[in-house]
Amino acid sequence: MEYDLKFSITLSKEADLEGIEEEIKKLGNFELKEFRQQDNKIFIEIVSKERRAHEWALRIHKKLAMLLGKRRVGVREMMLNEYTIKIKLDKKPLKSVSIPFADLEFKDDVAIMKIVDKEEEFMRRNYVDRMIRLLKEKIEKQYYEGKKEYWQLLWKSEEKEPVWNGDPSEEMQKRGWIKLLGKGKWFYMPPAAAIIRAMEKIALQEVVLPLGFKEVIEPMHVSFDTWLKTGHLEGMPGEIYYICEPKSRDEQQWEHFIDLVKITKEVPTDELLKNLKPPKEGVVYAQCPNIYASLAGKTIGEDALPLLLFEHSVPSDRYEAGGKHGIERVDEFHRIEVVYIGTKEQLLELREKLIARYKHVFNDILDLEWRMARVTPFYMQQAGIVGIEEEEAKGTIDFEAWLPYRGDRSKEWLEFQNISIVGEKYTKAFNIKGQRSTLWSGCSGIGLERWMVSFLAQKGLEPENWPKSFKKYLAELPEMPKFL
């Protein structure tokens, strides 16, 4: 790395700088290429190869404040005039790359990042380090984009003969059991609702409660502060439903909007937007971020570990563009989210218990044809993470069910359940500590629509074809309302 920074510092008045330049040079290992005063400003250029130049600039600003303060001269704000950073890359970019706040140029395996005209806060908030990291991430991503995940089969059930090969969603629509009420959002009539509630009852009574999870209830709104800590606003901003508050409840502020609605019987979108505040939160994407936020800054006693919580009161909303189908890929869905926080050893033991409970449900109650696989994103595989004991302790195990209506067993599987351990990622982000132990965390999302479609795709919609073990939870379906 080579850092070349030109910056200026404003003084309360023109100052006597005798001996000041020599004191600045003593601060550290950098080259002072320029140090001059013009009116009440000092213009400085430094070049550094070891330490980041903006860090030296902050130290210089502090030193000047001390030295000139003795001469009754105040040191005011600092401005970044031009910052050129040369970054040696491990890989050359495969296509053009851009990042905010900077112009980029590439020469062989060196990236030249140029930043101009930024205020002091830009340096103090350490944007530069994040920009360098983002540049490297974007280039690395080009090498694994479009590649498949690492996928390792862990276990597979015996093959089961399906009772039909129909599409459950299509058949339920024909029967009136489900109705689409907006993009990817379904209304469930009594028969479909009864099946979902049976799935929920099985999950709670056979998996969640026997393992000691305790229920919590959370709001359906998630703050941006929470998503900044979990990484959702970096990882999937295009999948979030955002929430805007009204600027006011004053009827006069809304009068023109109301008049337009009454006259046109349409929603005047431009007028509506004038009356809304910018969003600061969104609808629940997954329940775990709010659970972590509720525990932020807390220290958990050793005798309370592992902490086992679950939430199933709020639906999850995710914006899906293409690929929606029936009830298995939707914008709004219902699930039970279990979250566990404890030591590494406790979570590894809990994972085995969860796997055993899920196996019991999928084998003995739902009688599914399904399989388990360890999955790791391709970029982690390329980085050599797969196979490392510490990282294999983390990661995700997917549970997949065969969907007969889609075709043969070679490829037509639906991920309908998972278990994840994420290490210290969230406990550190939310400053959740153990009394003595280092804490890991993880979660397992039980998607009720996915359980339902996996079951119905193999067992059909007729209760006489369902396993007796399932009928203990739903003996018969409620009748549909009678419509003329």
# chains A, B, ... in the order shown; residues from 1 in each chain; ligands from 1

$ select_by_dssp --residues "stretch 255-425 of chain A" --states "strand (DSSP E)" --output "ChimeraX atom specification"
/A:281-283,299-300,307-311,316-317,332-333,335-342,370-376,395-402,413-423

$ residues_around --residues "stretch 125-142 of chain A" --least-positions-apart "6" --cutoff "8 Å" --atoms "only C-alpha atoms" --output "PyMOL selection string"
chain A and resi 89+91-95+97-100+379

$ residues_around --residues "A:His360" --least-positions-apart "5" --cutoff "12 Å" --atoms "only C-alpha atoms" --output "PyMOL selection string"
chain A and resi 157+202-203+205-207+353-355+365-368+469

$ write_last_selection --atoms "C-alpha atoms" --output "PDB file, in the first residue's frame"
ATOM      1  CA  SER A 157     -33.946 -41.150   3.676  1.00  0.00           C
ATOM      2  CA  ILE A 202     -46.019 -30.601  15.346  1.00  0.00           C
ATOM      3  CA  ALA A 203     -42.998 -28.287  15.270  1.00  0.00           C
ATOM      4  CA  GLN A 205     -44.677 -30.122  20.447  1.00  0.00           C
ATOM      5  CA  GLU A 206     -42.095 -32.383  18.801  1.00  0.00           C
ATOM      6  CA  VAL A 207     -39.083 -30.071  18.334  1.00  0.00           C
ATOM      7  CA  LYS A 353     -30.442 -32.720  19.333  1.00  0.00           C
ATOM      8  CA  LEU A 354     -32.230 -30.537  16.769  1.00  0.00           C
ATOM      9  CA  ILE A 355     -31.246 -32.907  13.960  1.00  0.00           C
ATOM     10  CA  ILE A 365     -44.784 -38.180  11.540  1.00  0.00           C
ATOM     11  CA  LEU A 366     -44.707 -36.691   8.029  1.00  0.00           C
ATOM     12  CA  ASP A 367     -43.137 -39.789   6.419  1.00  0.00           C
ATOM     13  CA  LEU A 368     -41.210 -37.705   3.886  1.00  0.00           C
ATOM     14  CA  SER A 469     -48.989 -40.320  12.664  1.00  0.00           C
TER      15      SER A 469
END

$ select_by_dssp --residues "stretch 69-273 of chain A" --states "helix (DSSP H, G or I)" --output "ChimeraX atom specification"
/A:69,120-124,127-144,168-175,190-208,224-230,232-235,237-239,251-264,269-273

$ residues_around --residues "stretch 111-119 of chain A" --least-positions-apart "4" --cutoff "6 Å" --atoms "only C-alpha atoms" --output "tab-separated table (two decimals) with all heavy atoms, in the first residue's frame"
chain	number	residue	atom	x	y	z
A	79	MET	N	-9.59	19.56	6.13
A	79	MET	CA	-10.22	19.15	4.87
A	79	MET	C	-9.31	18.20	4.11
A	79	MET	O	-8.10	18.43	4.01
A	79	MET	CB	-10.51	20.37	3.98
A	79	MET	CG	-11.74	21.16	4.33
A	79	MET	SD	-13.26	20.25	4.00
A	79	MET	CE	-13.19	20.10	2.21
A	80	LEU	N	-9.88	17.12	3.60
A	80	LEU	CA	-9.16	16.23	2.70
A	80	LEU	C	-9.26	16.84	1.31
A	80	LEU	O	-10.35	16.95	0.75
A	80	LEU	CB	-9.79	14.82	2.73
A	80	LEU	CG	-9.18	13.70	1.90
A	80	LEU	CD1	-9.62	12.35	2.45
A	80	LEU	CD2	-9.56	13.78	0.42
A	81	ASN	N	-8.14	17.25	0.73
A	81	ASN	CA	-8.15	17.85	-0.61
A	81	ASN	C	-7.99	16.79	-1.71
A	81	ASN	O	-8.73	16.78	-2.69
A	81	ASN	CB	-7.04	18.90	-0.72
A	81	ASN	CG	-7.18	19.97	0.36
A	81	ASN	OD1	-6.25	20.21	1.13
A	81	ASN	ND2	-8.34	20.58	0.46
A	82	GLU	N	-7.02	15.92	-1.52
A	82	GLU	CA	-6.81	14.84	-2.50
A	82	GLU	C	-6.09	13.68	-1.82
A	82	GLU	O	-5.07	13.88	-1.16
A	82	GLU	CB	-5.99	15.34	-3.70
A	82	GLU	CG	-5.83	14.30	-4.79
A	82	GLU	CD	-5.06	14.85	-5.99
A	82	GLU	OE1	-5.51	15.86	-6.58
A	82	GLU	OE2	-3.98	14.29	-6.30
A	83	TYR	N	-6.63	12.48	-1.99
A	83	TYR	CA	-6.08	11.30	-1.33
A	83	TYR	C	-5.93	10.22	-2.40
A	83	TYR	O	-6.90	9.76	-2.99
A	83	TYR	CB	-7.04	10.83	-0.24
A	83	TYR	CG	-6.46	9.91	0.82
A	83	TYR	CD1	-7.26	9.49	1.88
A	83	TYR	CD2	-5.13	9.47	0.79
A	83	TYR	CE1	-6.78	8.66	2.88
A	83	TYR	CE2	-4.64	8.64	1.78
A	83	TYR	CZ	-5.45	8.24	2.82
A	83	TYR	OH	-4.96	7.41	3.81
A	84	THR	N	-4.67	9.83	-2.65
A	84	THR	CA	-4.40	8.79	-3.65
A	84	THR	C	-3.82	7.58	-2.94
A	84	THR	O	-2.82	7.68	-2.22
A	84	THR	CB	-3.40	9.29	-4.72
A	84	THR	OG1	-3.94	10.47	-5.33
A	84	THR	CG2	-3.19	8.23	-5.79
A	85	ILE	N	-4.46	6.43	-3.15
A	85	ILE	CA	-4.04	5.21	-2.47
A	85	ILE	C	-3.76	4.15	-3.53
A	85	ILE	O	-4.61	3.85	-4.38
A	85	ILE	CB	-5.14	4.69	-1.52
A	85	ILE	CG1	-5.55	5.79	-0.55
A	85	ILE	CG2	-4.67	3.46	-0.76
A	85	ILE	CD1	-6.82	5.50	0.22
A	86	LYS	N	-2.57	3.58	-3.49
A	86	LYS	CA	-2.21	2.50	-4.40
A	86	LYS	C	-2.31	1.18	-3.65
A	86	LYS	O	-1.66	1.00	-2.61
A	86	LYS	CB	-0.80	2.70	-4.95
A	86	LYS	CG	-0.67	3.93	-5.85
A	86	LYS	CD	0.74	4.10	-6.40
A	86	LYS	CE	0.83	5.33	-7.29
A	86	LYS	NZ	2.22	5.54	-7.82
A	87	ILE	N	-3.12	0.26	-4.18
A	87	ILE	CA	-3.44	-0.98	-3.48
A	87	ILE	C	-2.98	-2.16	-4.32
A	87	ILE	O	-3.44	-2.35	-5.46
A	87	ILE	CB	-4.96	-1.09	-3.24
A	87	ILE	CG1	-5.46	0.17	-2.52
A	87	ILE	CG2	-5.30	-2.35	-2.47
A	87	ILE	CD1	-6.93	0.43	-2.72
A	102	ALA	N	-15.05	7.59	-4.59
A	102	ALA	CA	-13.70	7.49	-5.16
A	102	ALA	C	-13.75	7.20	-6.65
A	102	ALA	O	-14.70	6.60	-7.16
A	102	ALA	CB	-12.91	6.39	-4.45
A	103	ASP	N	-12.69	7.63	-7.34
A	103	ASP	CA	-12.44	7.22	-8.73
A	103	ASP	C	-11.39	6.12	-8.69
A	103	ASP	O	-10.43	6.18	-7.90
A	103	ASP	CB	-11.93	8.39	-9.57
A	103	ASP	CG	-13.00	9.47	-9.76
A	103	ASP	OD1	-14.18	9.08	-9.93
A	103	ASP	OD2	-12.66	10.66	-9.74
A	104	LEU	N	-11.56	5.12	-9.56
A	104	LEU	CA	-10.64	3.99	-9.58
A	104	LEU	C	-9.96	3.87	-10.93
A	104	LEU	O	-10.56	4.07	-11.98
A	104	LEU	CB	-11.40	2.69	-9.29
A	104	LEU	CG	-11.93	2.48	-7.88
A	104	LEU	CD1	-12.79	1.22	-7.83
A	104	LEU	CD2	-10.80	2.38	-6.87
A	105	GLU	N	-8.69	3.49	-10.86
A	105	GLU	CA	-7.91	3.18	-12.07
A	105	GLU	C	-7.09	1.92	-11.77
A	105	GLU	O	-6.62	1.74	-10.63
A	105	GLU	CB	-6.99	4.35	-12.40
A	105	GLU	CG	-6.14	4.15	-13.64
A	105	GLU	CD	-5.17	5.31	-13.88
A	105	GLU	OE1	-5.27	6.33	-13.16
A	105	GLU	OE2	-4.31	5.16	-14.76
A	106	PHE	N	-6.95	1.06	-12.76
A	106	PHE	CA	-6.22	-0.19	-12.54
A	106	PHE	C	-5.02	-0.26	-13.49
A	106	PHE	O	-5.14	-0.02	-14.69
A	106	PHE	CB	-7.14	-1.40	-12.77
A	106	PHE	CG	-8.26	-1.49	-11.77
A	106	PHE	CD1	-9.49	-0.90	-12.01
A	106	PHE	CD2	-8.08	-2.16	-10.56
A	106	PHE	CE1	-10.51	-0.97	-11.09
A	106	PHE	CE2	-9.10	-2.23	-9.63
A	106	PHE	CZ	-10.32	-1.64	-9.90

$ residues_around --residues "stretch 435-445 of chain A" --least-positions-apart "6" --cutoff "7 Å" --atoms "only C-alpha atoms" --output "number ranges by chain"
A: 299-302, 335-344, 417-424, 427

$ residues_around --residues "A:Leu295" --least-positions-apart "5" --cutoff "9 Å" --atoms "only C-alpha atoms" --output "list in words"
Asn290, Phe430, Asn431 and Ile432 of chain A

$ write_last_selection --atoms "N, CA, C and O atoms" --output "PDB file, in the first residue's frame"
ATOM      1  N   ASN A 290     -34.336  -9.032  15.583  1.00  0.00           N
ATOM      2  CA  ASN A 290     -34.988  -8.366  16.719  1.00  0.00           C
ATOM      3  C   ASN A 290     -34.693  -9.084  18.037  1.00  0.00           C
ATOM      4  O   ASN A 290     -34.615  -8.455  19.094  1.00  0.00           O
ATOM      5  N   PHE A 430     -23.794  -7.361  18.746  1.00  0.00           N
ATOM      6  CA  PHE A 430     -24.733  -6.790  19.708  1.00  0.00           C
ATOM      7  C   PHE A 430     -24.178  -6.759  21.131  1.00  0.00           C
ATOM      8  O   PHE A 430     -24.906  -6.483  22.078  1.00  0.00           O
ATOM      9  N   ASN A 431     -22.884  -7.056  21.264  1.00  0.00           N
ATOM     10  CA  ASN A 431     -22.203  -6.994  22.568  1.00  0.00           C
ATOM     11  C   ASN A 431     -22.929  -7.845  23.613  1.00  0.00           C
ATOM     12  O   ASN A 431     -23.204  -7.412  24.730  1.00  0.00           O
ATOM     13  N   ILE A 432     -23.253  -9.086  23.229  1.00  0.00           N
ATOM     14  CA  ILE A 432     -23.884 -10.038  24.142  1.00  0.00           C
ATOM     15  C   ILE A 432     -22.770 -10.910  24.723  1.00  0.00           C
ATOM     16  O   ILE A 432     -22.056 -11.590  23.981  1.00  0.00           O
TER      17      ILE A 432
END

$ atom_distance --atom1 "atom CA of A:Ile9" --atom2 "atom CA of A:Ile44"
8.2 Å

$ atom_distance --atom1 "atom CA of A:Glu239" --atom2 "atom CA of A:Glu320"
6.7 Å

$ atom_distance --atom1 "atom CA of A:Lys6" --atom2 "atom CA of A:Phe43"
7.4 Å

$ residues_around --residues "A:Pro467" --least-positions-apart "5" --cutoff "12 Å" --atoms "only C-alpha atoms" --output "count of residues only"
19
